[in-house]
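Shown next: model02.csv, containing CSV, C-alpha atoms and all ligand atoms.
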```csv
chain,number,residue,atom,x,y,z
B,1,MET,CA,0.0,0.0,0.0
B,2,ASN,CA,1.1,3.5,-0.8
B,3,SER,CA,2.6,5.0,2.4
B,4,SER,CA,0.9,8.3,1.8
B,5,ILE,CA,-2.6,7.0,1.9
B,6,ALA,CA,-4.6,7.4,5.1
B,7,PHE,CA,-8.3,6.7,5.6
B,8,ASP,CA,-10.3,8.9,8.0
B,9,ALA,CA,-13.5,7.1,8.9
B,10,HIS,CA,-15.4,10.1,10.3
B,11,VAL,CA,-15.2,13.8,9.4
B,12,ASP,CA,-18.1,16.3,10.1
B,13,SER,CA,-17.0,19.3,7.9
B,14,LEU,CA,-20.0,19.4,5.6
B,15,GLN,CA,-21.9,21.5,8.1
B,16,LEU,CA,-19.3,24.2,7.5
B,17,ALA,CA,-20.0,24.1,3.8
B,18,LEU,CA,-23.7,24.0,4.1
B,19,ASP,CA,-24.2,26.5,7.0
B,20,LEU,CA,-21.4,28.9,6.5
B,21,GLY,CA,-20.8,28.6,2.8
B,22,CYS,CA,-17.2,27.4,3.3
B,23,ASP,CA,-15.5,26.0,0.2
B,24,LEU,CA,-13.8,22.9,1.6
B,25,GLY,CA,-11.7,22.8,-1.5
B,26,ARG,CA,-9.7,25.7,-0.1
B,27,GLU,CA,-8.4,26.5,3.3
B,28,SER,CA,-11.4,26.6,5.6
B,29,PRO,CA,-11.9,27.9,9.2
B,30,GLY,CA,-12.6,24.4,10.4
B,31,GLN,CA,-10.3,21.5,11.2
B,32,TRP,CA,-10.6,19.7,7.8
B,33,ASP,CA,-10.5,20.8,4.2
B,34,LEU,CA,-9.1,19.2,1.0
B,35,PRO,CA,-5.8,21.1,0.8
B,36,ARG,CA,-4.9,20.2,4.4
B,37,ALA,CA,-6.1,16.6,4.1
B,38,ILE,CA,-4.2,16.0,0.9
B,39,ARG,CA,-1.1,17.6,2.3
B,40,GLY,CA,-1.5,15.3,5.3
B,41,GLY,CA,-1.5,12.2,3.1
B,42,VAL,CA,-5.2,11.4,3.5
B,43,GLY,CA,-6.4,9.3,0.6
B,44,ALA,CA,-10.0,8.6,1.7
B,45,THR,CA,-12.5,10.3,4.0
B,46,VAL,CA,-16.0,9.5,5.1
B,47,LEU,CA,-17.8,12.8,4.7
B,48,VAL,CA,-20.6,12.6,7.3
B,49,CYS,CA,-24.0,14.2,7.1
B,50,TRP,CA,-24.7,14.7,10.8
B,51,VAL,CA,-28.3,15.4,11.4
B,52,ASP,CA,-29.1,17.5,14.4
B,53,PRO,CA,-32.1,15.9,16.2
B,54,ALA,CA,-33.5,19.3,16.5
B,55,PHE,CA,-34.7,18.7,12.9
B,56,LEU,CA,-37.0,16.0,14.1
B,57,PRO,CA,-39.7,15.0,13.6
B,58,HIS,CA,-40.2,16.1,10.0
B,59,GLY,CA,-37.0,17.8,8.9
B,60,ALA,CA,-34.3,15.2,9.5
B,61,GLN,CA,-34.3,13.7,6.0
B,62,THR,CA,-34.4,17.2,4.4
B,63,ARG,CA,-31.4,18.2,6.4
B,64,ALA,CA,-29.5,15.1,5.5
B,65,TRP,CA,-30.2,15.7,1.8
B,66,ALA,CA,-28.9,19.2,2.1
B,67,LEU,CA,-25.7,18.0,3.7
B,68,PHE,CA,-25.4,15.3,1.1
B,69,GLU,CA,-25.7,17.9,-1.7
B,70,ALA,CA,-23.0,20.0,0.0
B,71,GLY,CA,-20.7,16.9,-0.4
B,72,GLU,CA,-21.7,16.5,-4.0
B,73,ASP,CA,-21.1,20.2,-4.6
B,74,LEU,CA,-17.6,20.0,-3.2
B,75,ALA,CA,-16.8,17.1,-5.5
B,76,ARG,CA,-18.3,18.9,-8.5
B,77,ARG,CA,-16.3,22.1,-7.8
B,78,HIS,CA,-13.0,20.3,-7.2
B,79,PRO,CA,-12.8,17.2,-9.4
B,80,GLU,CA,-9.0,17.5,-9.4
B,81,LEU,CA,-8.9,17.1,-5.6
B,82,ILE,CA,-11.8,14.8,-4.6
B,83,ARG,CA,-13.9,12.1,-6.2
B,84,LEU,CA,-16.9,10.6,-4.5
B,85,VAL,CA,-16.8,6.8,-4.6
B,86,GLY,CA,-19.3,4.0,-4.0
B,87,ASN,CA,-17.1,0.9,-3.9
B,88,GLY,CA,-13.6,-0.4,-3.7
B,89,ASP,CA,-12.9,-0.2,-7.4
B,90,GLN,CA,-14.0,3.4,-7.6
B,91,LEU,CA,-11.8,4.2,-4.5
B,92,GLU,CA,-8.8,2.6,-6.1
B,93,LYS,CA,-9.4,4.5,-9.3
B,94,ALA,CA,-9.8,7.8,-7.6
B,95,GLN,CA,-6.6,7.4,-5.7
B,96,ALA,CA,-4.7,6.2,-8.8
B,97,ASP,CA,-5.9,9.4,-10.4
B,98,GLY,CA,-4.5,11.4,-7.6
B,99,CYS,CA,-7.8,12.3,-6.0
B,100,LEU,CA,-8.9,11.9,-2.4
B,101,ALA,CA,-11.7,9.4,-2.3
B,102,GLY,CA,-14.8,10.8,-0.6
B,103,ILE,CA,-17.3,8.4,0.9
B,104,MET,CA,-20.7,9.8,1.8
B,105,GLY,CA,-22.1,8.9,5.2
B,106,ILE,CA,-25.0,9.8,7.5
B,107,GLU,CA,-24.6,10.1,11.2
B,108,GLY,CA,-27.9,9.4,13.0
B,109,GLY,CA,-30.4,6.9,11.6
B,110,HIS,CA,-33.3,9.4,12.4
B,111,ALA,CA,-32.3,10.9,9.0
B,112,ILE,CA,-34.2,8.0,7.2
B,113,GLU,CA,-37.3,8.8,9.2
B,114,ASN,CA,-38.2,5.2,9.8
B,115,ASP,CA,-38.4,4.5,6.1
B,116,LEU,CA,-36.4,1.8,4.2
B,117,ASP,CA,-37.3,3.5,0.9
B,118,CYS,CA,-35.5,6.6,2.1
B,119,LEU,CA,-32.4,4.5,3.0
B,120,ARG,CA,-32.6,3.1,-0.6
B,121,ALA,CA,-32.9,6.5,-2.1
B,122,PHE,CA,-29.8,7.7,-0.3
B,123,PHE,CA,-28.0,4.6,-1.4
B,124,ALA,CA,-28.9,5.1,-5.0
B,125,ARG,CA,-27.5,8.6,-4.8
B,126,GLY,CA,-24.2,7.2,-3.3
B,127,LEU,CA,-24.5,6.9,0.4
B,128,ARG,CA,-22.2,4.1,1.7
B,129,VAL,CA,-22.0,4.6,5.5
B,130,MET,CA,-24.6,5.1,8.2
B,131,THR,CA,-24.0,5.6,11.9
B,132,LEU,CA,-27.2,3.9,13.0
B,133,VAL,CA,-27.8,6.1,16.0
B,134,TRP,CA,-26.4,9.3,17.5
B,135,ASN,CA,-26.9,10.5,21.1
B,136,ASN,CA,-30.7,10.6,20.7
B,137,HIS,CA,-32.5,7.3,21.2
B,138,LEU,CA,-34.6,6.1,18.3
B,139,PRO,CA,-37.7,3.9,18.3
B,140,TRP,CA,-35.6,1.2,16.6
B,141,ILE,CA,-32.2,1.4,18.3
B,142,ARG,CA,-30.9,2.6,21.7
B,143,SER,CA,-28.1,5.1,21.9
B,144,CYS,CA,-25.1,4.7,24.4
B,145,GLN,CA,-26.5,7.7,26.3
B,146,ALA,CA,-28.6,7.4,29.4
B,147,GLY,CA,-32.2,8.5,29.6
B,148,ALA,CA,-34.0,6.1,27.3
B,149,GLY,CA,-37.7,6.0,27.8
B,150,ALA,CA,-39.9,3.0,28.0
B,151,ASP,CA,-40.7,3.2,24.3
B,152,ILE,CA,-37.0,2.6,23.4
B,153,PRO,CA,-35.8,-1.0,22.8
B,154,ARG,CA,-33.0,-2.3,25.0
B,155,GLY,CA,-31.0,-3.0,21.8
B,156,ILE,CA,-32.6,-2.9,18.3
B,157,SER,CA,-36.2,-3.5,17.2
B,158,LYS,CA,-37.5,-5.6,14.4
B,159,PHE,CA,-37.3,-2.5,12.2
B,160,GLY,CA,-33.7,-2.0,13.4
B,161,ARG,CA,-32.8,-5.5,12.2
B,162,ALA,CA,-34.5,-4.7,8.8
B,163,VAL,CA,-32.3,-1.7,8.5
B,164,VAL,CA,-29.1,-3.7,9.1
B,165,VAL,CA,-30.2,-6.5,6.7
B,166,GLU,CA,-31.0,-3.9,4.0
B,167,MET,CA,-27.7,-2.2,4.5
B,168,ASN,CA,-25.9,-5.5,4.1
B,169,ARG,CA,-27.9,-6.2,0.9
B,170,LEU,CA,-27.1,-2.8,-0.5
B,171,GLY,CA,-23.4,-2.9,0.4
B,172,MET,CA,-23.5,-0.1,3.0
B,173,LEU,CA,-21.1,0.0,5.9
B,174,VAL,CA,-22.9,-0.2,9.3
B,175,ASP,CA,-21.3,2.2,11.9
B,176,LEU,CA,-21.9,1.4,15.6
B,177,SER,CA,-20.2,4.4,17.3
B,178,HIS,CA,-22.9,6.0,19.6
B,179,ALA,CA,-24.9,2.7,19.8
B,180,GLY,CA,-25.9,1.3,23.2
B,181,GLU,CA,-24.1,-1.8,24.4
B,182,THR,CA,-27.0,-4.2,23.8
B,183,ALA,CA,-27.7,-2.6,20.4
B,184,PHE,CA,-24.0,-3.1,19.5
B,185,TYR,CA,-24.1,-6.8,20.2
B,186,GLU,CA,-27.5,-7.3,18.6
B,187,VAL,CA,-26.4,-5.6,15.4
B,188,LEU,CA,-23.3,-7.7,15.2
B,189,GLU,CA,-25.5,-10.8,15.6
B,190,CYS,CA,-27.8,-9.9,12.7
B,191,SER,CA,-25.3,-8.4,10.3
B,192,SER,CA,-23.9,-10.7,7.7
B,193,GLN,CA,-21.1,-8.2,7.0
B,194,PRO,CA,-18.4,-6.8,9.3
B,195,VAL,CA,-19.1,-3.4,10.8
B,196,MET,CA,-17.2,-0.5,12.1
B,197,ALA,CA,-17.3,1.8,15.1
B,198,SER,CA,-16.0,4.8,13.2
B,199,HIS,CA,-15.1,7.2,16.0
B,200,SER,CA,-14.7,5.7,19.5
B,201,GLY,CA,-12.1,5.1,22.2
B,202,CYS,CA,-11.3,2.4,24.7
B,203,LEU,CA,-13.4,2.1,27.8
B,204,ALA,CA,-10.6,0.4,29.7
B,205,LEU,CA,-8.6,3.6,29.5
B,206,HIS,CA,-11.4,6.1,30.1
B,207,ASP,CA,-14.8,5.1,31.4
B,208,HIS,CA,-17.0,7.1,29.0
B,209,PRO,CA,-20.2,5.8,27.4
B,210,ARG,CA,-18.9,6.6,23.9
B,211,ASN,CA,-16.0,4.2,24.4
B,212,LEU,CA,-15.9,0.4,23.7
B,213,SER,CA,-15.3,-2.2,26.3
B,214,ASP,CA,-12.6,-4.8,25.7
B,215,ASP,CA,-15.3,-7.4,25.1
B,216,GLN,CA,-16.9,-5.1,22.5
B,217,LEU,CA,-13.5,-4.6,20.8
B,218,ARG,CA,-13.0,-8.4,20.7
B,219,THR,CA,-16.5,-9.1,19.4
B,220,LEU,CA,-16.0,-6.4,16.7
B,221,SER,CA,-12.7,-7.9,15.7
B,222,ALA,CA,-14.1,-11.5,15.7
B,223,ALA,CA,-16.6,-10.3,13.1
B,224,ASN,CA,-13.7,-8.8,11.1
B,225,GLY,CA,-14.8,-5.2,11.9
B,226,VAL,CA,-12.7,-2.2,12.6
B,227,VAL,CA,-12.7,0.5,15.3
B,228,GLY,CA,-11.7,4.0,14.3
B,229,ILE,CA,-10.0,5.7,17.2
B,230,VAL,CA,-11.5,9.1,17.8
B,231,PHE,CA,-9.5,12.3,18.4
B,232,HIS,CA,-11.9,13.9,21.0
B,233,PRO,CA,-9.9,14.6,24.2
B,234,GLY,CA,-13.0,14.2,26.3
B,235,PHE,CA,-13.3,10.6,25.2
B,236,LEU,CA,-9.6,9.8,25.4
B,237,ASP,CA,-8.8,11.1,28.9
B,238,ALA,CA,-10.7,11.8,32.2
B,239,GLU,CA,-8.6,14.9,33.0
B,240,ALA,CA,-9.2,16.4,29.6
B,241,ARG,CA,-12.9,15.7,29.9
B,242,ALA,CA,-13.0,17.4,33.3
B,243,ALA,CA,-11.0,20.3,31.9
B,244,ASP,CA,-13.4,20.7,29.0
B,245,ALA,CA,-16.4,20.5,31.4
B,246,ALA,CA,-14.9,23.2,33.5
B,247,VAL,CA,-14.7,25.5,30.5
B,248,TYR,CA,-18.2,24.6,29.3
B,249,ALA,CA,-19.5,25.7,32.8
B,250,THR,CA,-18.1,29.2,32.5
B,251,SER,CA,-20.4,32.1,31.6
B,252,ALA,CA,-17.8,33.2,29.0
B,253,TYR,CA,-18.3,30.0,27.2
B,254,LYS,CA,-22.0,29.9,27.6
B,255,ASN,CA,-22.3,33.4,26.3
B,256,LEU,CA,-20.5,32.7,23.0
B,257,LYS,CA,-22.9,33.6,20.3
B,258,GLY,CA,-22.6,33.1,16.5
B,259,ASP,CA,-24.8,33.4,13.5
B,260,GLY,CA,-26.2,29.9,13.9
B,261,GLU,CA,-24.9,26.9,15.7
B,262,THR,CA,-22.1,26.1,13.2
B,263,ALA,CA,-20.7,29.6,13.5
B,264,ARG,CA,-21.0,29.3,17.3
B,265,MET,CA,-19.0,26.1,17.2
B,266,LEU,CA,-16.1,27.9,15.7
B,267,LEU,CA,-16.1,30.4,18.5
B,268,GLN,CA,-16.4,27.6,21.1
B,269,ARG,CA,-13.5,25.8,19.5
B,270,ASP,CA,-11.2,28.9,19.7
B,271,HIS,CA,-12.3,29.6,23.3
B,272,LEU,CA,-11.8,26.0,24.4
B,273,ARG,CA,-8.4,25.8,22.8
B,274,LYS,CA,-7.2,28.9,24.7
B,275,ASN,CA,-8.7,27.8,28.0
B,276,ALA,CA,-8.1,24.0,28.3
B,277,PRO,CA,-4.7,22.5,28.6
B,278,PRO,CA,-3.6,20.6,25.5
B,279,LEU,CA,-3.9,16.8,25.5
B,280,PRO,CA,-0.5,15.1,24.8
B,281,ILE,CA,-0.6,12.9,21.7
B,282,GLU,CA,0.5,9.9,23.9
B,283,ARG,CA,-3.0,9.7,25.3
B,284,LEU,CA,-4.3,9.0,21.8
B,285,LEU,CA,-1.5,6.6,21.1
B,286,ASN,CA,-2.5,4.7,24.3
B,287,HIS,CA,-6.0,4.1,22.9
B,288,ILE,CA,-4.6,3.0,19.6
B,289,ALA,CA,-2.2,0.6,21.3
B,290,HIS,CA,-4.8,-0.8,23.7
B,291,ALA,CA,-7.2,-1.4,20.8
B,292,CYS,CA,-4.4,-3.2,18.9
B,293,ASP,CA,-3.6,-5.3,21.9
B,294,VAL,CA,-7.3,-6.3,22.4
B,295,ALA,CA,-8.7,-6.4,18.9
B,296,GLY,CA,-5.6,-7.0,16.9
B,297,VAL,CA,-3.7,-4.5,14.8
B,298,GLU,CA,-5.8,-5.5,11.7
B,299,HIS,CA,-8.9,-4.2,13.4
B,300,VAL,CA,-7.9,-0.6,14.3
B,301,GLY,CA,-8.2,2.5,12.3
B,302,ILE,CA,-8.7,6.3,12.7
B,303,GLY,CA,-11.9,8.3,12.8
B,304,THR,CA,-10.9,11.8,13.8
B,305,ASP,CA,-14.3,13.4,14.0
B,306,TYR,CA,-12.8,16.6,12.8
B,307,ASP,CA,-15.3,19.5,12.8
B,308,GLY,CA,-17.5,17.4,15.1
B,309,ILE,CA,-15.1,18.0,18.0
B,310,LEU,CA,-13.9,21.3,19.5
B,311,ARG,CA,-10.3,20.3,19.9
B,312,ALA,CA,-7.9,17.5,19.2
B,313,PRO,CA,-4.7,16.1,20.8
B,314,GLU,CA,-1.7,18.3,20.7
B,315,GLY,CA,-0.1,18.4,17.3
B,316,LEU,CA,-3.1,16.9,15.6
B,317,GLU,CA,-5.2,20.0,15.4
B,318,ASP,CA,-6.3,19.6,11.8
B,319,ALA,CA,-6.3,17.3,8.8
B,320,GLY,CA,-2.8,18.3,7.8
B,321,CYS,CA,-1.3,16.6,10.9
B,322,TYR,CA,-1.4,13.0,9.8
B,323,PRO,CA,2.4,12.9,9.2
B,324,ILE,CA,2.8,13.7,12.9
B,325,LEU,CA,0.6,10.8,13.9
B,326,ARG,CA,2.4,8.6,11.5
B,327,ALA,CA,5.8,9.5,13.1
B,328,ALA,CA,4.4,9.2,16.6
B,329,LEU,CA,3.2,5.6,15.9
B,330,CYS,CA,6.6,4.7,14.4
B,331,LYS,CA,8.3,6.1,17.5
B,332,ARG,CA,6.0,4.2,19.7
B,333,GLY,CA,7.3,1.0,18.1
B,334,PHE,CA,4.7,0.0,15.6
B,335,LEU,CA,6.1,-1.5,12.4
B,336,ASP,CA,5.8,0.4,9.2
B,337,SER,CA,3.2,-2.2,7.9
B,338,GLU,CA,1.2,-1.8,11.1
B,339,VAL,CA,1.2,1.9,10.9
B,340,GLU,CA,-0.1,1.7,7.3
B,341,ALA,CA,-2.8,-0.7,8.4
B,342,ILE,CA,-3.9,1.5,11.3
B,343,LEU,CA,-3.8,4.8,9.3
B,344,GLY,CA,-5.7,3.5,6.3
B,345,GLY,CA,-5.3,-0.1,5.3
B,346,ASN,CA,-7.8,-1.6,7.7
B,347,MET,CA,-10.6,0.8,7.0
B,348,LYS,CA,-10.0,0.5,3.3
B,349,ARG,CA,-10.2,-3.3,3.5
B,350,LEU,CA,-13.5,-3.1,5.4
B,351,PHE,CA,-15.0,-0.6,2.9
B,352,GLU,CA,-14.0,-2.8,-0.1
B,353,GLN,CA,-15.3,-6.0,1.6
B,354,VAL,CA,-18.7,-4.5,2.5
B,355,THR,CA,-19.4,-2.7,-0.7
B,356,SER,CA,-18.2,-5.6,-2.9
B,357,ALA,CA,-20.7,-7.9,-1.1
B,358,GLY,CA,-23.7,-5.8,-2.0
B,359,MET,CA,-25.4,-3.9,-4.8
B,360,ALA,CA,-22.8,-1.2,-4.4
B,361,ALA,CA,-20.4,-3.4,-6.3
B,362,GLU,CA,-22.4,-2.9,-9.5
B,363,GLN,CA,-23.7,0.6,-8.9
B,364,ALA,CA,-21.9,3.7,-10.3
B,365,PRO,CA,-23.2,6.7,-8.4
B,366,PHE,CA,-22.0,10.2,-8.8
B,367,GLU,CA,-21.4,10.0,-12.5
B,368,HIS,CA,-23.9,12.9,-12.9
B,369,LEU,CA,-21.4,15.0,-11.0
B,370,TYR,CA,-18.7,14.6,-13.6
B,371,SER,CA,-20.6,14.3,-16.9
B,372,ASN,CA,-21.0,18.0,-17.5
B,373,LEU,CA,-18.0,19.5,-16.0
B,374,ALA,CA,-17.2,21.4,-19.2
B,375,GLU,CA,-20.6,23.1,-19.1
B,376,ARG,CA,-20.2,24.3,-15.5
B,377,PRO,CA,-19.3,27.9,-15.1
B,378,PRO,CA,-16.2,28.4,-13.1
B,379,GLY,CA,-16.6,29.5,-9.6
B,380,ALA,CA,-20.3,28.7,-9.4
B,381,ALA,CA,-21.7,29.6,-6.0
B,382,ILE,CA,-22.1,27.0,-3.3
B,383,PRO,CA,-25.8,26.6,-2.5
B,384,GLN,CA,-26.6,28.0,0.9
B,385,GLY,CA,-28.4,25.7,3.2
B,386,SER,CA,-30.4,26.4,6.3
B,387,LYS,CA,-28.7,29.0,8.4
B,388,GLY,CA,-27.6,26.9,11.4
B,389,ALA,CA,-30.1,24.9,13.3
B,390,GLN,CA,-31.2,26.6,16.4
B,391,ALA,CA,-30.6,23.3,18.1
B,392,ASN,CA,-28.6,24.1,21.2
B,393,ALA,CA,-31.0,25.7,23.5
B,394,ASP,CA,-29.2,27.5,26.2
B,395,GLY,CA,-28.4,25.4,29.2
B,396,ARG,CA,-27.8,22.2,27.3
B,397,VAL,CA,-24.5,20.5,27.7
B,398,VAL,CA,-22.4,20.7,24.6
B,399,GLU,CA,-19.4,18.3,24.5
B,400,MET,CA,-18.5,18.2,20.9
B,401,GLY,CA,-19.0,20.6,18.2
B,402,THR,CA,-22.5,21.7,17.4
B,403,LYS,CA,-23.8,18.5,18.8
B,404,PRO,CA,-26.1,19.0,21.7
B,405,VAL,CA,-26.6,16.5,24.4
B,406,SER,CA,-29.7,16.8,26.4
B,407,GLY,CA,-29.8,15.7,30.0
B,408,THR,CA,-27.1,13.6,31.5
B,409,GLN,CA,-23.4,13.8,31.1
B,410,ARG,CA,-22.0,11.4,28.6
G,501,ZN,ZN,-20.3,11.2,16.5
```
Please render this file's structure as structure tokens.
Ligand SMILES: [Zn+2]
Amino acid sequence: MNSSIAFDAHVDSLQLALDLGCDLGRESPGQWDLPRAIRGGVGATVLVCWVDPAFLPHGAQTRAWALFEAGEDLARRHPELIRLVGNGDQLEKAQADGCLAGIMGIEGGHAIENDLDCLRAFFARGLRVMTLVWNNHLPWIRSCQAGAGADIPRGISKFGRAVVVEMNRLGMLVDLSHAGETAFYEVLECSSQPVMASHSGCLALHDHPRNLSDDQLRTLSAANGVVGIVFHPGFLDAEARAADAAVYATSAYKNLKGDGETARMLLQRDHLRKNAPPLPIERLLNHIAHACDVAGVEHVGIGTDYDGILRAPEGLEDAGCYPILRAALCKRGFLDSEVEAILGGNMKRLFEQVTSAGMAAEQAPFEHLYSNLAERPPGAAIPQGSKGAQANADGRVVEMGTKPVSGTQR
């Protein structure tokens, strides 16, 4: 494998494109954009359409489509930098042509609004990853967060199983980050394909509901899945989580106001970075090393959650920092082949396997993006989406990015 190719399993930057009009093909104010990712040696990225639950009950699907179109627009504007891909062959071809391979994902199964036809419509357009649940419980799957009502299944419902089976049939990658523990095991039982946990850490190192226990890591690995280790300091380290919480509690932080939630997130990020001590990169390496010890080095990858988190470990502040992570892993004692597997090879193998087993192997999405490039006027404007969901009502705890968490601490 080419040593310059990394695979980031979870990046949230499309909100910046949609809500703030950022062109991610140029330097953006966020943590991820194409110039920095490519400079950092990233060859594939899952571009996530994270749907704020505030869009429920009737706007979640619409919001997901708007984010999806922001991803398409990025690819249409910068065909020399990124190509959206729907299976392993397309990924290989994109990388051989010198492009970053973009894989479209949805975070939060509420985006399909309890409708398998909606899932199929997203697939037909090119969706290849879905994080089944976010921090809000769904009628068909329980989140890892506390506070589920009596109407929420302990794990997954009959419809939840149907979603997993359909994703297998289509050739979509099931993502179990954010899923409750019982849901995690039940999905693994009913999935005929390996799954990933795209952006999580290790519970053994920091007891946080978003992290995976050793048994979960072993079960994921036994099913040939991959865990993407997340960069969020609050998941990686108890002290960092406490430091973040102390900043969140200040009136200075609470009073930060932007033009919409995405703009506010940028202000929160700058404020947090100035006021919380940096997290040494070793704390991230500890999670990677532990996951390798427990799950095996073939089952560990990276899911940064850039632009879904407010800060990252020291030295890894943005997508251009992959060479630093690469060097740190080498210094830690990982073999070159292991570093390549962790940074990209394992996630790539998983994506190829799942998409080749389903309809995705035959489907050629996104061609409409590239068929009329010559007709497109240069510098056409990025469509403006909804101006920032007014999701984070004052008083709600915000632990990462624009993503609100109601109620209990995660
Ligand atoms: Zn997430």
All residues within 7 Å of ligand ZN 501 (chain G) are required, counting all atoms listed in the file; please report them as an mmCIF file with C-alpha atoms, keeping the file's coordinate frame.
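This went into out16.cif:
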```cif
data_model
loop_
_atom_site.group_PDB
_atom_site.id
_atom_site.type_symbol
_atom_site.label_atom_id
_atom_site.label_comp_id
_atom_site.auth_asym_id
_atom_site.auth_seq_id
_atom_site.Cartn_x
_atom_site.Cartn_y
_atom_site.Cartn_z
ATOM 1 C CA GLU B 107 -24.600 10.100 11.200
ATOM 2 C CA TRP B 134 -26.400 9.300 17.500
ATOM 3 C CA SER B 177 -20.200 4.400 17.300
ATOM 4 C CA HIS B 178 -22.900 6.000 19.600
ATOM 5 C CA HIS B 199 -15.100 7.200 16.000
ATOM 6 C CA ASP B 305 -14.300 13.400 14.000
ATOM 7 C CA GLY B 308 -17.500 17.400 15.100
#
```
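Proximity ranking of B:Tyr370, B:Ala162, B:Leu14, B:Glu92 relative to Glu80 (chain B) places B:Tyr370 first, based on only C-alpha atoms.
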Item to check | Surrounding residues of Val129 (chain B) excluding itself and chain neighbours under 2 positions, 10 Å, all atoms listed in the file, as a count of residues only | outcome: 27
Item to check | Expected residue set, 9 Å radius at (-10.3, 14.6, -9.9), only C-alpha atoms, as a PyMOL selection string | outcome: chain B and resi 75+78-83+94+97-100
Next on the checklist: Residues within 7 Å of Ala179 (chain B), please, as a PyMOL selection string. Count all atoms listed in the file; anything in the same chain fewer than 6 positions from it doesn't count.
Outcome noted: chain B and resi 133+142-144
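CA of Pro278 (chain B) to CA of Met347 (chain B) spans 28.0 Å [interatomic distance, one decimal].
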Checklist entry - Hey, can you check how far CA of Ala364 (chain B) sits from CA of Phe68 (chain B)? => result 16.6 Å
Checklist entry - Of the residues B:Gln363, B:Gln193, B:Asn275, B:Thr45, which is the one nearest to Ala222 (chain B), using all atoms listed in the file? => result B:Gln193
Checklist outcome for this item: For Leu343 (chain B), the closest of B:Ala44, B:Leu236, B:Ile38, B:Ala124 counting all atoms listed in the file is B:Ala44
Checklist entry - Taking all atoms listed in the file into account, which of B:Ile156, B:Val11, B:Leu84, B:Ile141 comes nearest His368 (chain B)? => result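 Closest residue, counting all atoms listed in the file: B:Leu84.
What separates CA of Ala223 (chain B) from CA of Pro194 (chain B) is a distance of 5.5 Å.
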Next on the checklist: Nearest residue to Ala276 (chain B) out of B:Ala240, B:Thr182, B:Ala263, B:Asp307, using all atoms listed in the file?
Outcome noted: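 When distances to Ala276 (chain B) are compared using all atoms listed in the file, the smallest one comes from B:Ala240.
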Checklist entry - For Ala327 (chain B), which residue among B:Arg273, B:Ala312, B:Val339, B:Ala60 is the nearest when counting all atoms listed in the file? => result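 Nearest candidate to Ala327 (chain B) out of B:Arg273, B:Ala312, B:Val339, B:Ala60: B:Val339.
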Checklist entry - What's the 9 Å shell around Gly345 (chain B), counting only C-alpha atoms, without same-chain residues fewer than 6 positions away, as a list in words? => result Met1, Ile5, Ala6, Phe7, Glu298, Gly301, Glu338 and Val339 of chain B
Some atoms are missing, so please complete region 259-270 of chain B with N, CA and C atoms and return it as a PDB file, in the frame of the given file.
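Here's the written file result_2.pdb:
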```
ATOM      1  N   ASP B 259     -23.649  33.383  14.435  1.00  0.00           N
ATOM      2  CA  ASP B 259     -24.800  33.400  13.500  1.00  0.00           C
ATOM      3  C   ASP B 259     -25.173  31.989  13.190  1.00  0.00           C
ATOM      4  N   GLY B 260     -25.889  31.334  14.090  1.00  0.00           N
ATOM      5  CA  GLY B 260     -26.200  29.900  13.900  1.00  0.00           C
ATOM      6  C   GLY B 260     -25.266  29.036  14.668  1.00  0.00           C
ATOM      7  N   GLU B 261     -25.649  27.789  14.832  1.00  0.00           N
ATOM      8  CA  GLU B 261     -24.900  26.900  15.700  1.00  0.00           C
ATOM      9  C   GLU B 261     -23.509  26.526  15.093  1.00  0.00           C
ATOM     10  N   THR B 262     -23.391  26.455  13.787  1.00  0.00           N
ATOM     11  CA  THR B 262     -22.100  26.100  13.200  1.00  0.00           C
ATOM     12  C   THR B 262     -21.086  27.220  13.409  1.00  0.00           C
ATOM     13  N   ALA B 263     -21.536  28.458  13.256  1.00  0.00           N
ATOM     14  CA  ALA B 263     -20.700  29.600  13.500  1.00  0.00           C
ATOM     15  C   ALA B 263     -20.282  29.648  15.006  1.00  0.00           C
ATOM     16  N   ARG B 264     -21.257  29.325  15.843  1.00  0.00           N
ATOM     17  CA  ARG B 264     -21.000  29.300  17.300  1.00  0.00           C
ATOM     18  C   ARG B 264     -19.949  28.260  17.635  1.00  0.00           C
ATOM     19  N   MET B 265     -20.014  27.121  16.943  1.00  0.00           N
ATOM     20  CA  MET B 265     -19.000  26.100  17.200  1.00  0.00           C
ATOM     21  C   MET B 265     -17.614  26.546  16.978  1.00  0.00           C
ATOM     22  N   LEU B 266     -17.408  27.351  15.955  1.00  0.00           N
ATOM     23  CA  LEU B 266     -16.100  27.900  15.700  1.00  0.00           C
ATOM     24  C   LEU B 266     -15.581  28.743  16.849  1.00  0.00           C
ATOM     25  N   LEU B 267     -16.486  29.554  17.377  1.00  0.00           N
ATOM     26  CA  LEU B 267     -16.100  30.400  18.500  1.00  0.00           C
ATOM     27  C   LEU B 267     -15.829  29.542  19.756  1.00  0.00           C
ATOM     28  N   GLN B 268     -16.652  28.514  19.957  1.00  0.00           N
ATOM     29  CA  GLN B 268     -16.400  27.600  21.100  1.00  0.00           C
ATOM     30  C   GLN B 268     -15.080  26.909  20.972  1.00  0.00           C
ATOM     31  N   ARG B 269     -14.764  26.505  19.777  1.00  0.00           N
ATOM     32  CA  ARG B 269     -13.500  25.800  19.500  1.00  0.00           C
ATOM     33  C   ARG B 269     -12.319  26.718  19.908  1.00  0.00           C
ATOM     34  N   ASP B 270     -12.348  27.951  19.416  1.00  0.00           N
ATOM     35  CA  ASP B 270     -11.200  28.900  19.700  1.00  0.00           C
ATOM     36  C   ASP B 270     -11.140  29.121  21.217  1.00  0.00           C
TER      37      ASP B 270
END
```
